[in-house]
>>> print(open('input.tsv').read())   # TSV, N, CA and C atoms
chain	number	residue	atom	x	y	z
A	61	MET	N	0.85	-1.16	0.00
A	61	MET	CA	0.00	0.00	0.00
A	61	MET	C	0.89	1.21	0.00
A	62	THR	N	0.53	2.19	-0.74
A	62	THR	CA	1.25	3.46	-0.72
A	62	THR	C	0.52	4.34	0.28
A	63	VAL	N	1.23	4.86	1.25
A	63	VAL	CA	0.58	5.69	2.26
A	63	VAL	C	1.23	7.06	2.29
A	64	HIS	N	0.49	8.02	2.74
A	64	HIS	CA	1.05	9.34	2.97
A	64	HIS	C	0.27	10.00	4.08
A	65	ARG	N	0.85	11.02	4.63
A	65	ARG	CA	0.19	11.78	5.69
A	65	ARG	C	-0.78	12.75	5.06
A	66	LEU	N	-1.88	12.97	5.76
A	66	LEU	CA	-2.82	13.98	5.31
A	66	LEU	C	-2.14	15.34	5.32
A	67	GLY	N	-2.46	16.18	4.42
A	67	GLY	CA	-1.85	17.51	4.39
A	67	GLY	C	-1.27	17.79	3.03
A	68	SER	N	0.04	17.89	2.97
A	68	SER	CA	0.68	18.36	1.75
A	68	SER	C	0.45	17.46	0.54
A	69	PHE	N	0.15	16.18	0.74
A	69	PHE	CA	-0.05	15.28	-0.39
A	69	PHE	C	-1.51	14.99	-0.67
A	70	THR	N	-2.44	15.58	0.07
A	70	THR	CA	-3.85	15.26	-0.08
A	70	THR	C	-4.34	15.52	-1.50
A	71	THR	N	-3.97	16.65	-2.08
A	71	THR	CA	-4.43	16.96	-3.43
A	71	THR	C	-3.93	15.91	-4.41
A	72	ALA	N	-2.69	15.52	-4.30
A	72	ALA	CA	-2.15	14.50	-5.20
A	72	ALA	C	-2.88	13.18	-5.00
A	73	ALA	N	-3.19	12.83	-3.75
A	73	ALA	CA	-3.87	11.57	-3.47
A	73	ALA	C	-5.24	11.55	-4.12
A	74	GLN	N	-5.93	12.67	-4.11
A	74	GLN	CA	-7.26	12.72	-4.70
A	74	GLN	C	-7.19	12.58	-6.21
A	75	ARG	N	-6.07	12.90	-6.83
A	75	ARG	CA	-5.95	12.84	-8.28
A	75	ARG	C	-5.48	11.48	-8.78
A	76	LEU	N	-5.07	10.57	-7.90
A	76	LEU	CA	-4.56	9.27	-8.32
A	76	LEU	C	-5.72	8.30	-8.45
A	77	GLU	N	-6.24	8.19	-9.64
A	77	GLU	CA	-7.39	7.33	-9.91
A	77	GLU	C	-6.94	5.89	-10.09
A	78	PRO	N	-7.70	4.93	-9.57
A	78	PRO	CA	-7.31	3.52	-9.70
A	78	PRO	C	-7.17	3.08	-11.16
A	79	SER	N	-7.91	3.68	-12.06
A	79	SER	CA	-7.85	3.28	-13.46
A	79	SER	C	-6.58	3.77	-14.16
A	80	GLN	N	-5.77	4.57	-13.49
A	80	GLN	CA	-4.58	5.16	-14.11
A	80	GLN	C	-3.29	4.43	-13.73
A	81	ARG	N	-3.34	3.15	-13.47
A	81	ARG	CA	-2.13	2.43	-13.10
A	81	ARG	C	-1.26	2.21	-14.33
A	82	THR	N	-0.54	3.23	-14.66
A	82	THR	CA	0.28	3.23	-15.86
A	82	THR	C	1.67	3.70	-15.50
A	83	VAL	N	2.53	3.75	-16.50
A	83	VAL	CA	3.87	4.30	-16.28
A	83	VAL	C	3.75	5.75	-15.85
A	84	THR	N	2.80	6.48	-16.42
A	84	THR	CA	2.60	7.88	-16.02
A	84	THR	C	2.28	7.98	-14.55
A	85	HIS	N	1.46	7.08	-14.06
A	85	HIS	CA	1.10	7.05	-12.65
A	85	HIS	C	2.35	6.81	-11.80
A	86	GLN	N	3.16	5.87	-12.23
A	86	GLN	CA	4.39	5.57	-11.50
A	86	GLN	C	5.30	6.79	-11.48
A	87	ILE	N	5.42	7.47	-12.59
A	87	ILE	CA	6.27	8.66	-12.67
A	87	ILE	C	5.74	9.75	-11.74
A	88	ARG	N	4.41	9.92	-11.69
A	88	ARG	CA	3.83	10.93	-10.82
A	88	ARG	C	4.13	10.62	-9.36
A	89	LEU	N	4.02	9.36	-8.95
A	89	LEU	CA	4.34	9.01	-7.57
A	89	LEU	C	5.82	9.27	-7.28
A	90	ALA	N	6.66	9.07	-8.27
A	90	ALA	CA	8.11	9.26	-8.08
A	90	ALA	C	8.49	10.72	-7.88
A	91	THR	N	7.56	11.65	-8.11
A	91	THR	CA	7.88	13.07	-7.91
A	91	THR	C	7.84	13.45	-6.43
A	92	TYR	N	7.30	12.59	-5.59
A	92	TYR	CA	7.23	12.87	-4.16
A	92	TYR	C	8.42	12.24	-3.45
A	93	PRO	N	8.87	12.82	-2.33
A	93	PRO	CA	9.96	12.20	-1.57
A	93	PRO	C	9.55	10.78	-1.16
A	94	LEU	N	10.44	9.84	-1.38
A	94	LEU	CA	10.16	8.44	-1.13
A	94	LEU	C	10.88	7.98	0.13
A	95	ILE	N	10.13	7.36	1.01
A	95	ILE	CA	10.69	6.82	2.25
A	95	ILE	C	10.73	5.31	2.09
A	96	ALA	N	11.89	4.73	2.29
A	96	ALA	CA	12.07	3.29	2.07
A	96	ALA	C	12.55	2.60	3.34
A	97	TYR	N	12.27	1.32	3.40
A	97	TYR	CA	12.71	0.45	4.49
A	97	TYR	C	14.18	0.09	4.32
A	98	ALA	N	14.63	0.01	3.08
A	98	ALA	CA	16.02	-0.34	2.77
A	98	ALA	C	16.41	0.31	1.45
A	99	GLU	N	17.69	0.54	1.27
A	99	GLU	CA	18.20	1.17	0.05
A	99	GLU	C	17.79	0.40	-1.21
A	100	SER	N	17.69	-0.91	-1.11
A	100	SER	CA	17.35	-1.75	-2.26
A	100	SER	C	15.84	-1.78	-2.55
A	101	LEU	N	15.05	-1.08	-1.76
A	101	LEU	CA	13.60	-0.93	-1.97
A	101	LEU	C	12.83	-2.25	-2.01
A	102	PRO	N	13.07	-3.20	-1.10
A	102	PRO	CA	12.40	-4.50	-1.23
A	102	PRO	C	10.88	-4.42	-1.21
A	103	ILE	N	10.30	-3.67	-0.30
A	103	ILE	CA	8.84	-3.58	-0.20
A	103	ILE	C	8.29	-2.75	-1.36
A	104	ILE	N	8.93	-1.64	-1.63
A	104	ILE	CA	8.47	-0.76	-2.71
A	104	ILE	C	8.61	-1.46	-4.06
A	105	ARG	N	9.73	-2.16	-4.25
A	105	ARG	CA	9.95	-2.87	-5.51
A	105	ARG	C	8.87	-3.92	-5.75
A	106	ARG	N	8.54	-4.68	-4.73
A	106	ARG	CA	7.49	-5.72	-4.88
A	106	ARG	C	6.14	-5.09	-5.21
A	107	TYR	N	5.83	-3.99	-4.53
A	107	TYR	CA	4.57	-3.29	-4.79
A	107	TYR	C	4.53	-2.77	-6.22
A	108	TRP	N	5.59	-2.10	-6.63
A	108	TRP	CA	5.65	-1.52	-7.98
A	108	TRP	C	5.49	-2.62	-9.03
A	109	LEU	N	6.20	-3.75	-8.83
A	109	LEU	CA	6.11	-4.85	-9.79
A	109	LEU	C	4.69	-5.42	-9.85
A	110	THR	N	4.05	-5.55	-8.71
A	110	THR	CA	2.70	-6.10	-8.68
A	110	THR	C	1.69	-5.14	-9.28
A	111	VAL	N	1.75	-3.88	-8.89
A	111	VAL	CA	0.73	-2.90	-9.30
A	111	VAL	C	1.00	-2.32	-10.68
A	112	PHE	N	2.25	-1.98	-10.98
A	112	PHE	CA	2.58	-1.31	-12.23
A	112	PHE	C	3.24	-2.23	-13.26
A	113	GLY	N	3.73	-3.38	-12.82
A	113	GLY	CA	4.41	-4.28	-13.73
A	113	GLY	C	5.82	-3.82	-14.07
A	114	LEU	N	6.35	-2.89	-13.30
A	114	LEU	CA	7.69	-2.32	-13.54
A	114	LEU	C	8.44	-2.19	-12.22
A	115	ARG	N	9.75	-2.11	-12.32
A	115	ARG	CA	10.55	-1.82	-11.14
A	115	ARG	C	10.52	-0.31	-10.89
A	116	PRO	N	10.59	0.11	-9.63
A	116	PRO	CA	10.63	1.55	-9.35
A	116	PRO	C	11.94	2.15	-9.84
A	117	THR	N	11.86	3.37	-10.30
A	117	THR	CA	13.05	4.06	-10.80
A	117	THR	C	13.55	5.12	-9.82
A	118	ALA	N	12.74	5.43	-8.82
A	118	ALA	CA	13.09	6.48	-7.87
A	118	ALA	C	14.16	6.01	-6.89
A	119	THR	N	14.92	6.96	-6.41
A	119	THR	CA	15.88	6.74	-5.33
A	119	THR	C	15.23	7.27	-4.06
A	120	PRO	N	15.30	6.52	-2.96
A	120	PRO	CA	14.64	7.01	-1.75
A	120	PRO	C	15.29	8.29	-1.23
A	121	SER	N	14.44	9.19	-0.75
A	121	SER	CA	14.93	10.41	-0.12
A	121	SER	C	15.37	10.13	1.31
A	122	LEU	N	14.76	9.10	1.90
A	122	LEU	CA	15.06	8.73	3.28
A	122	LEU	C	14.97	7.22	3.40
A	123	VAL	N	15.96	6.61	4.03
A	123	VAL	CA	15.95	5.17	4.29
A	123	VAL	C	15.91	4.99	5.80
A	124	VAL	N	14.89	4.28	6.26
A	124	VAL	CA	14.73	4.00	7.68
A	124	VAL	C	14.63	2.49	7.82
A	125	ALA	N	15.58	1.87	8.48
A	125	ALA	CA	15.65	0.41	8.53
A	125	ALA	C	14.70	-0.20	9.55
A	126	ASP	N	13.53	0.39	9.68
A	126	ASP	CA	12.51	-0.11	10.60
A	126	ASP	C	11.16	0.36	10.07
A	127	LEU	N	10.20	-0.54	9.94
A	127	LEU	CA	8.90	-0.16	9.40
A	127	LEU	C	8.19	0.89	10.25
A	128	ARG	N	8.34	0.80	11.56
A	128	ARG	CA	7.71	1.81	12.43
A	128	ARG	C	8.35	3.17	12.22
A	129	GLY	N	9.66	3.18	11.99
A	129	GLY	CA	10.35	4.44	11.71
A	129	GLY	C	9.92	5.03	10.38
A	130	ALA	N	9.74	4.17	9.38
A	130	ALA	CA	9.27	4.65	8.07
A	130	ALA	C	7.86	5.22	8.21
A	131	LEU	N	7.01	4.56	8.98
A	131	LEU	CA	5.66	5.06	9.21
A	131	LEU	C	5.71	6.41	9.94
A	132	ALA	N	6.58	6.52	10.92
A	132	ALA	CA	6.72	7.80	11.65
A	132	ALA	C	7.18	8.91	10.71
A	133	ALA	N	8.07	8.59	9.79
A	133	ALA	CA	8.52	9.59	8.82
A	133	ALA	C	7.38	10.03	7.90
A	134	VAL	N	6.55	9.08	7.49
A	134	VAL	CA	5.38	9.41	6.67
A	134	VAL	C	4.43	10.30	7.46
A	135	LYS	N	4.19	9.94	8.71
A	135	LYS	CA	3.28	10.73	9.56
A	135	LYS	C	3.80	12.14	9.78
A	136	SER	N	5.11	12.33	9.73
A	136	SER	CA	5.68	13.67	9.93
A	136	SER	C	5.80	14.44	8.62
A	137	SER	N	5.15	13.93	7.57
A	137	SER	CA	5.12	14.58	6.24
A	137	SER	C	6.45	14.59	5.52
A	138	ALA	N	7.31	13.61	5.80
A	138	ALA	CA	8.61	13.53	5.12
A	138	ALA	C	8.48	13.00	3.69
A	139	GLY	N	7.38	12.33	3.37
A	139	GLY	CA	7.20	11.79	2.03
A	139	GLY	C	6.18	10.69	2.00
A	140	ILE	N	6.23	9.89	0.92
A	140	ILE	CA	5.32	8.76	0.76
A	140	ILE	C	6.11	7.48	0.89
A	141	SER	N	5.40	6.39	1.14
A	141	SER	CA	6.07	5.10	1.27
A	141	SER	C	5.10	3.99	0.92
A	142	VAL	N	5.63	2.81	0.79
A	142	VAL	CA	4.83	1.59	0.65
A	142	VAL	C	5.10	0.79	1.91
A	143	LEU	N	4.04	0.54	2.66
A	143	LEU	CA	4.16	-0.18	3.92
A	143	LEU	C	3.12	-1.28	3.98
A	144	PRO	N	3.45	-2.39	4.65
A	144	PRO	CA	2.42	-3.40	4.87
A	144	PRO	C	1.29	-2.81	5.71
A	145	SER	N	0.11	-3.34	5.55
A	145	SER	CA	-1.04	-2.81	6.29
A	145	SER	C	-0.87	-2.95	7.80
A	146	CYS	N	-0.24	-4.03	8.26
A	146	CYS	CA	-0.20	-4.29	9.70
A	146	CYS	C	0.41	-3.16	10.53
A	147	PRO	N	1.58	-2.60	10.20
A	147	PRO	CA	2.08	-1.54	11.08
A	147	PRO	C	1.32	-0.23	10.94
A	148	ALA	N	0.59	-0.04	9.86
A	148	ALA	CA	-0.11	1.23	9.64
A	148	ALA	C	-1.61	1.13	9.88
A	149	ALA	N	-2.10	-0.02	10.32
A	149	ALA	CA	-3.55	-0.24	10.42
A	149	ALA	C	-4.24	0.78	11.32
A	150	GLU	N	-3.70	1.02	12.49
A	150	GLU	CA	-4.35	1.95	13.42
A	150	GLU	C	-4.29	3.39	12.90
A	151	GLU	N	-3.17	3.76	12.29
A	151	GLU	CA	-3.04	5.11	11.73
A	151	GLU	C	-4.00	5.31	10.56
A	152	LEU	N	-4.23	4.26	9.78
A	152	LEU	CA	-5.20	4.33	8.69
A	152	LEU	C	-6.61	4.52	9.24
A	153	VAL	N	-6.95	3.76	10.27
A	153	VAL	CA	-8.28	3.87	10.88
A	153	VAL	C	-8.50	5.27	11.45
A	154	ARG	N	-7.47	5.83	12.09
A	154	ARG	CA	-7.59	7.17	12.68
A	154	ARG	C	-7.48	8.28	11.64
A	155	GLY	N	-7.12	7.94	10.40
A	155	GLY	CA	-7.00	8.95	9.35
A	155	GLY	C	-5.70	9.72	9.41
A	156	GLU	N	-4.71	9.23	10.14
A	156	GLU	CA	-3.42	9.91	10.23
A	156	GLU	C	-2.60	9.72	8.96
A	157	VAL	N	-2.82	8.62	8.27
A	157	VAL	CA	-2.24	8.36	6.95
A	157	VAL	C	-3.37	7.83	6.07
A	158	VAL	N	-3.21	7.97	4.78
A	158	VAL	CA	-4.22	7.47	3.84
A	158	VAL	C	-3.54	6.68	2.73
A	159	LYS	N	-4.32	5.83	2.09
A	159	LYS	CA	-3.82	5.06	0.95
A	159	LYS	C	-3.93	5.92	-0.29
A	160	LEU	N	-2.86	5.96	-1.06
A	160	LEU	CA	-2.90	6.67	-2.34
A	160	LEU	C	-3.57	5.81	-3.40
A	161	LEU	N	-3.38	4.51	-3.32
A	161	LEU	CA	-3.93	3.58	-4.29
A	161	LEU	C	-4.63	2.43	-3.60
A	162	GLU	N	-5.63	1.88	-4.24
A	162	GLU	CA	-6.31	0.68	-3.78
A	162	GLU	C	-6.28	-0.32	-4.93
A	163	PRO	N	-5.14	-0.99	-5.16
A	163	PRO	CA	-5.06	-1.92	-6.28
A	163	PRO	C	-6.02	-3.10	-6.09
A	164	GLU	N	-6.53	-3.59	-7.22
A	164	GLU	CA	-7.44	-4.73	-7.16
A	164	GLU	C	-6.74	-5.95	-6.57
A	165	LEU	N	-5.50	-6.17	-6.95
A	165	LEU	CA	-4.72	-7.29	-6.43
A	165	LEU	C	-3.44	-6.76	-5.80
A	166	PRO	N	-3.51	-6.31	-4.55
A	166	PRO	CA	-2.29	-5.80	-3.91
A	166	PRO	C	-1.36	-6.96	-3.56
A	167	PRO	N	-0.09	-6.67	-3.37
A	167	PRO	CA	0.83	-7.71	-2.89
A	167	PRO	C	0.34	-8.23	-1.55
A	168	THR	N	0.52	-9.49	-1.31
A	168	THR	CA	0.06	-10.06	-0.04
A	168	THR	C	1.22	-10.71	0.69
A	169	ASN	N	1.10	-10.73	1.99
A	169	ASN	CA	2.02	-11.46	2.85
A	169	ASN	C	1.18	-12.39	3.70
A	170	THR	N	1.69	-13.56	3.94
A	170	THR	CA	0.97	-14.53	4.76
A	170	THR	C	1.75	-14.75	6.04
A	171	PHE	N	1.05	-14.66	7.15
A	171	PHE	CA	1.66	-14.90	8.45
A	171	PHE	C	1.14	-16.22	8.99
A	172	TYR	N	2.01	-16.97	9.62
A	172	TYR	CA	1.63	-18.24	10.21
A	172	TYR	C	2.07	-18.25	11.67
A	173	LEU	N	1.22	-18.77	12.51
A	173	LEU	CA	1.59	-19.05	13.89
A	173	LEU	C	1.67	-20.57	13.97
A	174	ALA	N	2.87	-21.09	13.98
A	174	ALA	CA	3.06	-22.55	14.00
A	174	ALA	C	3.16	-23.00	15.45
A	175	THR	N	2.35	-23.99	15.79
A	175	THR	CA	2.38	-24.56	17.14
A	175	THR	C	2.27	-26.07	17.04
A	176	ARG	N	2.60	-26.72	18.10
A	176	ARG	CA	2.40	-28.16	18.18
A	176	ARG	C	0.94	-28.42	18.55
A	177	ASP	N	0.45	-29.60	18.22
A	177	ASP	CA	-0.92	-29.96	18.59
A	177	ASP	C	-1.13	-29.75	20.09
A	178	GLY	N	-2.20	-29.06	20.43
A	178	GLY	CA	-2.55	-28.84	21.82
A	178	GLY	C	-1.91	-27.62	22.46
A	179	ASP	N	-0.95	-26.99	21.78
A	179	ASP	CA	-0.25	-25.85	22.37
A	179	ASP	C	-1.14	-24.62	22.54
A	180	LEU	N	-2.23	-24.53	21.77
A	180	LEU	CA	-3.11	-23.36	21.93
A	180	LEU	C	-3.87	-23.39	23.25
A	181	THR	N	-3.71	-24.46	24.01
A	181	THR	CA	-4.28	-24.49	25.36
A	181	THR	C	-3.37	-23.73	26.34
A	182	ARG	N	-2.14	-23.46	25.92
A	182	ARG	CA	-1.25	-22.66	26.75
A	182	ARG	C	-1.74	-21.22	26.73
A	183	THR	N	-1.80	-20.59	27.87
A	183	THR	CA	-2.34	-19.24	28.00
A	183	THR	C	-1.60	-18.24	27.11
A	184	ASP	N	-0.26	-18.28	27.11
A	184	ASP	CA	0.49	-17.29	26.33
A	184	ASP	C	0.25	-17.45	24.83
A	185	LEU	N	0.23	-18.67	24.33
A	185	LEU	CA	-0.01	-18.89	22.90
A	185	LEU	C	-1.46	-18.60	22.52
A	186	SER	N	-2.37	-18.92	23.41
A	186	SER	CA	-3.78	-18.62	23.15
A	186	SER	C	-4.00	-17.11	23.07
A	187	LEU	N	-3.36	-16.37	23.95
A	187	LEU	CA	-3.45	-14.90	23.94
A	187	LEU	C	-2.85	-14.34	22.65
A	188	LEU	N	-1.67	-14.84	22.27
A	188	LEU	CA	-1.03	-14.40	21.03
A	188	LEU	C	-1.91	-14.71	19.82
A	189	HIS	N	-2.46	-15.91	19.78
A	189	HIS	CA	-3.35	-16.31	18.68
A	189	HIS	C	-4.55	-15.38	18.59
A	190	GLY	N	-5.16	-15.07	19.72
A	190	GLY	CA	-6.31	-14.18	19.74
A	190	GLY	C	-5.96	-12.77	19.27
A	191	GLN	N	-4.81	-12.27	19.71
A	191	GLN	CA	-4.37	-10.93	19.30
A	191	GLN	C	-4.08	-10.87	17.80
A	192	LEU	N	-3.48	-11.92	17.27
A	192	LEU	CA	-3.22	-11.96	15.83
A	192	LEU	C	-4.53	-11.95	15.04
A	193	LEU	N	-5.52	-12.68	15.50
A	193	LEU	CA	-6.81	-12.70	14.81
A	193	LEU	C	-7.48	-11.32	14.85
A	194	VAL	N	-7.41	-10.64	15.99
A	194	VAL	CA	-8.00	-9.30	16.11
A	194	VAL	C	-7.28	-8.33	15.18
A	195	LYS	N	-5.96	-8.32	15.24
A	195	LYS	CA	-5.18	-7.39	14.41
A	195	LYS	C	-5.34	-7.71	12.92
A	196	ALA	N	-5.47	-8.97	12.57
A	196	ALA	CA	-5.59	-9.34	11.16
A	196	ALA	C	-6.84	-8.75	10.53
A	197	ARG	N	-7.87	-8.53	11.30
A	197	ARG	CA	-9.08	-7.90	10.77
A	197	ARG	C	-8.78	-6.48	10.30
A	198	LEU	N	-7.86	-5.78	10.97
A	198	LEU	CA	-7.47	-4.43	10.56
A	198	LEU	C	-6.58	-4.46	9.33
A	199	TRP	N	-5.85	-5.55	9.14
A	199	TRP	CA	-4.93	-5.62	8.02
A	199	TRP	C	-5.64	-5.80	6.70
A	200	MET	N	-6.85	-6.32	6.72
A	200	MET	CA	-7.57	-6.61	5.47
A	200	MET	C	-8.01	-5.33	4.79
>>> encode(input="input.tsv", output="structure tokens")
Amino acid sequence: MTVHRLGSFTTAAQRLEPSQRTVTHQIRLATYPLIAYAESLPIIRRYWLTVFGLRPTATPSLVVADLRGALAAVKSSAGISVLPSCPAAEELVRGEVVKLLEPELPPTNTFYLATRDGDLTRTDLSLLHGQLLVKARLWM
């Protein structure tokens, strides 16, 4: 998902129509400061390939080696980024950041909680399992 903070990018976000997923769209997004998780753009590259069918050509303006740090930079209006839904779910619900695009088939990540048979009877694993199920509803 491409996210940005409300404010300086709101006008641009309103102009990014889902039907315009073209090279032009990619170029327009590249005009904004890009915040990346890593210099090699692993998350952004996967998103760009899935949504646009191309590799990103932009160089990040800021590299933050932590997803929470990248989200904080977006919230402080430093630029736009592509972040998994999970770390940004609450900020999206509160309207602190917004999605620039809603692709029909966004990149997906699958999380697994692997346990041995009967381990979900353990209080700590049962609590973790319940929390993952609650949070996963926000990720969708």
>>> closest_residue(input="input.tsv", among="A:Pro147, A:Gly178, A:Tyr107, A:Arg115", to="Leu127 in chain A", atoms="all atoms listed in the file")
A:Pro147
>>> residues_around(input="input.tsv", residues="Pro120 in chain A", least_positions_apart="2", cutoff="9 Å", atoms="only C-alpha atoms", output="PDB file with N, CA and C atoms, keeping the file's coordinate frame")
ATOM      1  N   PRO A  93       8.870  12.820  -2.330  1.00  0.00           N
ATOM      2  CA  PRO A  93       9.960  12.200  -1.570  1.00  0.00           C
ATOM      3  C   PRO A  93       9.550  10.780  -1.160  1.00  0.00           C
ATOM      4  N   LEU A  94      10.440   9.840  -1.380  1.00  0.00           N
ATOM      5  CA  LEU A  94      10.160   8.440  -1.130  1.00  0.00           C
ATOM      6  C   LEU A  94      10.880   7.980   0.130  1.00  0.00           C
ATOM      7  N   ILE A  95      10.130   7.360   1.010  1.00  0.00           N
ATOM      8  CA  ILE A  95      10.690   6.820   2.250  1.00  0.00           C
ATOM      9  C   ILE A  95      10.730   5.310   2.090  1.00  0.00           C
ATOM     10  N   ALA A  96      11.890   4.730   2.290  1.00  0.00           N
ATOM     11  CA  ALA A  96      12.070   3.290   2.070  1.00  0.00           C
ATOM     12  C   ALA A  96      12.550   2.600   3.340  1.00  0.00           C
ATOM     13  N   ALA A  98      14.630   0.010   3.080  1.00  0.00           N
ATOM     14  CA  ALA A  98      16.020  -0.340   2.770  1.00  0.00           C
ATOM     15  C   ALA A  98      16.410   0.310   1.450  1.00  0.00           C
ATOM     16  N   GLU A  99      17.690   0.540   1.270  1.00  0.00           N
ATOM     17  CA  GLU A  99      18.200   1.170   0.050  1.00  0.00           C
ATOM     18  C   GLU A  99      17.790   0.400  -1.210  1.00  0.00           C
ATOM     19  N   LEU A 101      15.050  -1.080  -1.760  1.00  0.00           N
ATOM     20  CA  LEU A 101      13.600  -0.930  -1.970  1.00  0.00           C
ATOM     21  C   LEU A 101      12.830  -2.250  -2.010  1.00  0.00           C
ATOM     22  N   ALA A 118      12.740   5.430  -8.820  1.00  0.00           N
ATOM     23  CA  ALA A 118      13.090   6.480  -7.870  1.00  0.00           C
ATOM     24  C   ALA A 118      14.160   6.010  -6.890  1.00  0.00           C
ATOM     25  N   LEU A 122      14.760   9.100   1.900  1.00  0.00           N
ATOM     26  CA  LEU A 122      15.060   8.730   3.280  1.00  0.00           C
ATOM     27  C   LEU A 122      14.970   7.220   3.400  1.00  0.00           C
ATOM     28  N   VAL A 123      15.960   6.610   4.030  1.00  0.00           N
ATOM     29  CA  VAL A 123      15.950   5.170   4.290  1.00  0.00           C
ATOM     30  C   VAL A 123      15.910   4.990   5.800  1.00  0.00           C
TER      31      VAL A 123
END
>>> atom_distance(input="input.tsv", atom1="CA of Asp184 in chain A", atom2="CA of Glu151 in chain A")
27.0 Å
>>> atom_distance(input="input.tsv", atom1="CA of Val153 in chain A", atom2="CA of Val134 in chain A")
15.3 Å
>>> atom_distance(input="input.tsv", atom1="atom N of Phe112 in chain A", atom2="atom C of Ser145 in chain A")
19.1 Å
>>> residues_around(input="input.tsv", residues="Glu164 in chain A", least_positions_apart="2", cutoff="10 Å", atoms="only C-alpha atoms", output="PyMOL selection string")
chain A and resi 78+111+161-162+166-167
>>> closest_residue(input="input.tsv", among="A:Ile103, A:Leu180, A:Leu114, A:Ala174", to="Leu143 in chain A", atoms="only N, CA and C atoms")
A:Ile103
>>> axis_aligned_box(input="input.tsv", around="range 133-138 of chain A", padding_each_side="3 Å", output="JSON")
{"center_x": 5.9, "center_y": 11.6, "center_z": 6.8, "size_x": 11.3, "size_y": 12.0, "size_z": 12.2}
>>> select_by_dssp(input="input.tsv", residues="range 98-154 of chain A", states="strand (DSSP E or B)", output="PyMOL selection string")
chain A and resi 122-123+140-142
>>> closest_residue(input="input.tsv", among="A:Leu160, A:Trp108, A:Asp126, A:Ser121", to="Ala138 in chain A", atoms="only N, CA and C atoms")
A:Ser121
>>> closest_residue(input="input.tsv", among="A:Ala90, A:Pro116, A:Leu198, A:His189", to="Glu150 in chain A", atoms="only N, CA and C atoms")
A:Leu198
>>> closest_residue(input="input.tsv", among="A:Thr110, A:Thr117, A:Leu192, A:Asp179", to="Leu165 in chain A", atoms="all atoms listed in the file")
A:Thr110
>>> build_atoms(input="input.tsv", residues="range 160-171 of chain A", atoms="N, CA, C and O atoms", output="PDB file, in the frame of the given file")
ATOM      1  N   LEU A 160      -2.860   5.960  -1.060  1.00  0.00           N
ATOM      2  CA  LEU A 160      -2.900   6.670  -2.340  1.00  0.00           C
ATOM      3  C   LEU A 160      -3.570   5.810  -3.400  1.00  0.00           C
ATOM      4  O   LEU A 160      -4.213   6.330  -4.300  1.00  0.00           O
ATOM      5  N   LEU A 161      -3.380   4.510  -3.320  1.00  0.00           N
ATOM      6  CA  LEU A 161      -3.930   3.580  -4.290  1.00  0.00           C
ATOM      7  C   LEU A 161      -4.630   2.430  -3.600  1.00  0.00           C
ATOM      8  O   LEU A 161      -4.232   2.026  -2.513  1.00  0.00           O
ATOM      9  N   GLU A 162      -5.630   1.880  -4.240  1.00  0.00           N
ATOM     10  CA  GLU A 162      -6.310   0.680  -3.780  1.00  0.00           C
ATOM     11  C   GLU A 162      -6.280  -0.320  -4.930  1.00  0.00           C
ATOM     12  O   GLU A 162      -7.261  -0.488  -5.644  1.00  0.00           O
ATOM     13  N   PRO A 163      -5.140  -0.990  -5.160  1.00  0.00           N
ATOM     14  CA  PRO A 163      -5.060  -1.920  -6.280  1.00  0.00           C
ATOM     15  C   PRO A 163      -6.020  -3.100  -6.090  1.00  0.00           C
ATOM     16  O   PRO A 163      -6.278  -3.528  -4.968  1.00  0.00           O
ATOM     17  N   GLU A 164      -6.530  -3.590  -7.220  1.00  0.00           N
ATOM     18  CA  GLU A 164      -7.440  -4.730  -7.160  1.00  0.00           C
ATOM     19  C   GLU A 164      -6.740  -5.950  -6.570  1.00  0.00           C
ATOM     20  O   GLU A 164      -7.342  -6.695  -5.812  1.00  0.00           O
ATOM     21  N   LEU A 165      -5.500  -6.170  -6.950  1.00  0.00           N
ATOM     22  CA  LEU A 165      -4.720  -7.290  -6.430  1.00  0.00           C
ATOM     23  C   LEU A 165      -3.440  -6.760  -5.800  1.00  0.00           C
ATOM     24  O   LEU A 165      -2.378  -6.753  -6.428  1.00  0.00           O
ATOM     25  N   PRO A 166      -3.510  -6.310  -4.550  1.00  0.00           N
ATOM     26  CA  PRO A 166      -2.290  -5.800  -3.910  1.00  0.00           C
ATOM     27  C   PRO A 166      -1.360  -6.960  -3.560  1.00  0.00           C
ATOM     28  O   PRO A 166      -1.793  -8.114  -3.462  1.00  0.00           O
ATOM     29  N   PRO A 167      -0.090  -6.670  -3.370  1.00  0.00           N
ATOM     30  CA  PRO A 167       0.830  -7.710  -2.890  1.00  0.00           C
ATOM     31  C   PRO A 167       0.340  -8.230  -1.550  1.00  0.00           C
ATOM     32  O   PRO A 167      -0.232  -7.474  -0.753  1.00  0.00           O
ATOM     33  N   THR A 168       0.520  -9.490  -1.310  1.00  0.00           N
ATOM     34  CA  THR A 168       0.060 -10.060  -0.040  1.00  0.00           C
ATOM     35  C   THR A 168       1.220 -10.710   0.690  1.00  0.00           C
ATOM     36  O   THR A 168       2.194 -11.151   0.090  1.00  0.00           O
ATOM     37  N   ASN A 169       1.100 -10.730   1.990  1.00  0.00           N
ATOM     38  CA  ASN A 169       2.020 -11.460   2.850  1.00  0.00           C
ATOM     39  C   ASN A 169       1.180 -12.390   3.700  1.00  0.00           C
ATOM     40  O   ASN A 169       0.084 -12.032   4.133  1.00  0.00           O
ATOM     41  N   THR A 170       1.690 -13.560   3.940  1.00  0.00           N
ATOM     42  CA  THR A 170       0.970 -14.530   4.760  1.00  0.00           C
ATOM     43  C   THR A 170       1.750 -14.750   6.040  1.00  0.00           C
ATOM     44  O   THR A 170       2.959 -14.975   6.008  1.00  0.00           O
ATOM     45  N   PHE A 171       1.050 -14.660   7.150  1.00  0.00           N
ATOM     46  CA  PHE A 171       1.660 -14.900   8.450  1.00  0.00           C
ATOM     47  C   PHE A 171       1.140 -16.220   8.990  1.00  0.00           C
ATOM     48  O   PHE A 171      -0.041 -16.531   8.849  1.00  0.00           O
TER      49      PHE A 171
END
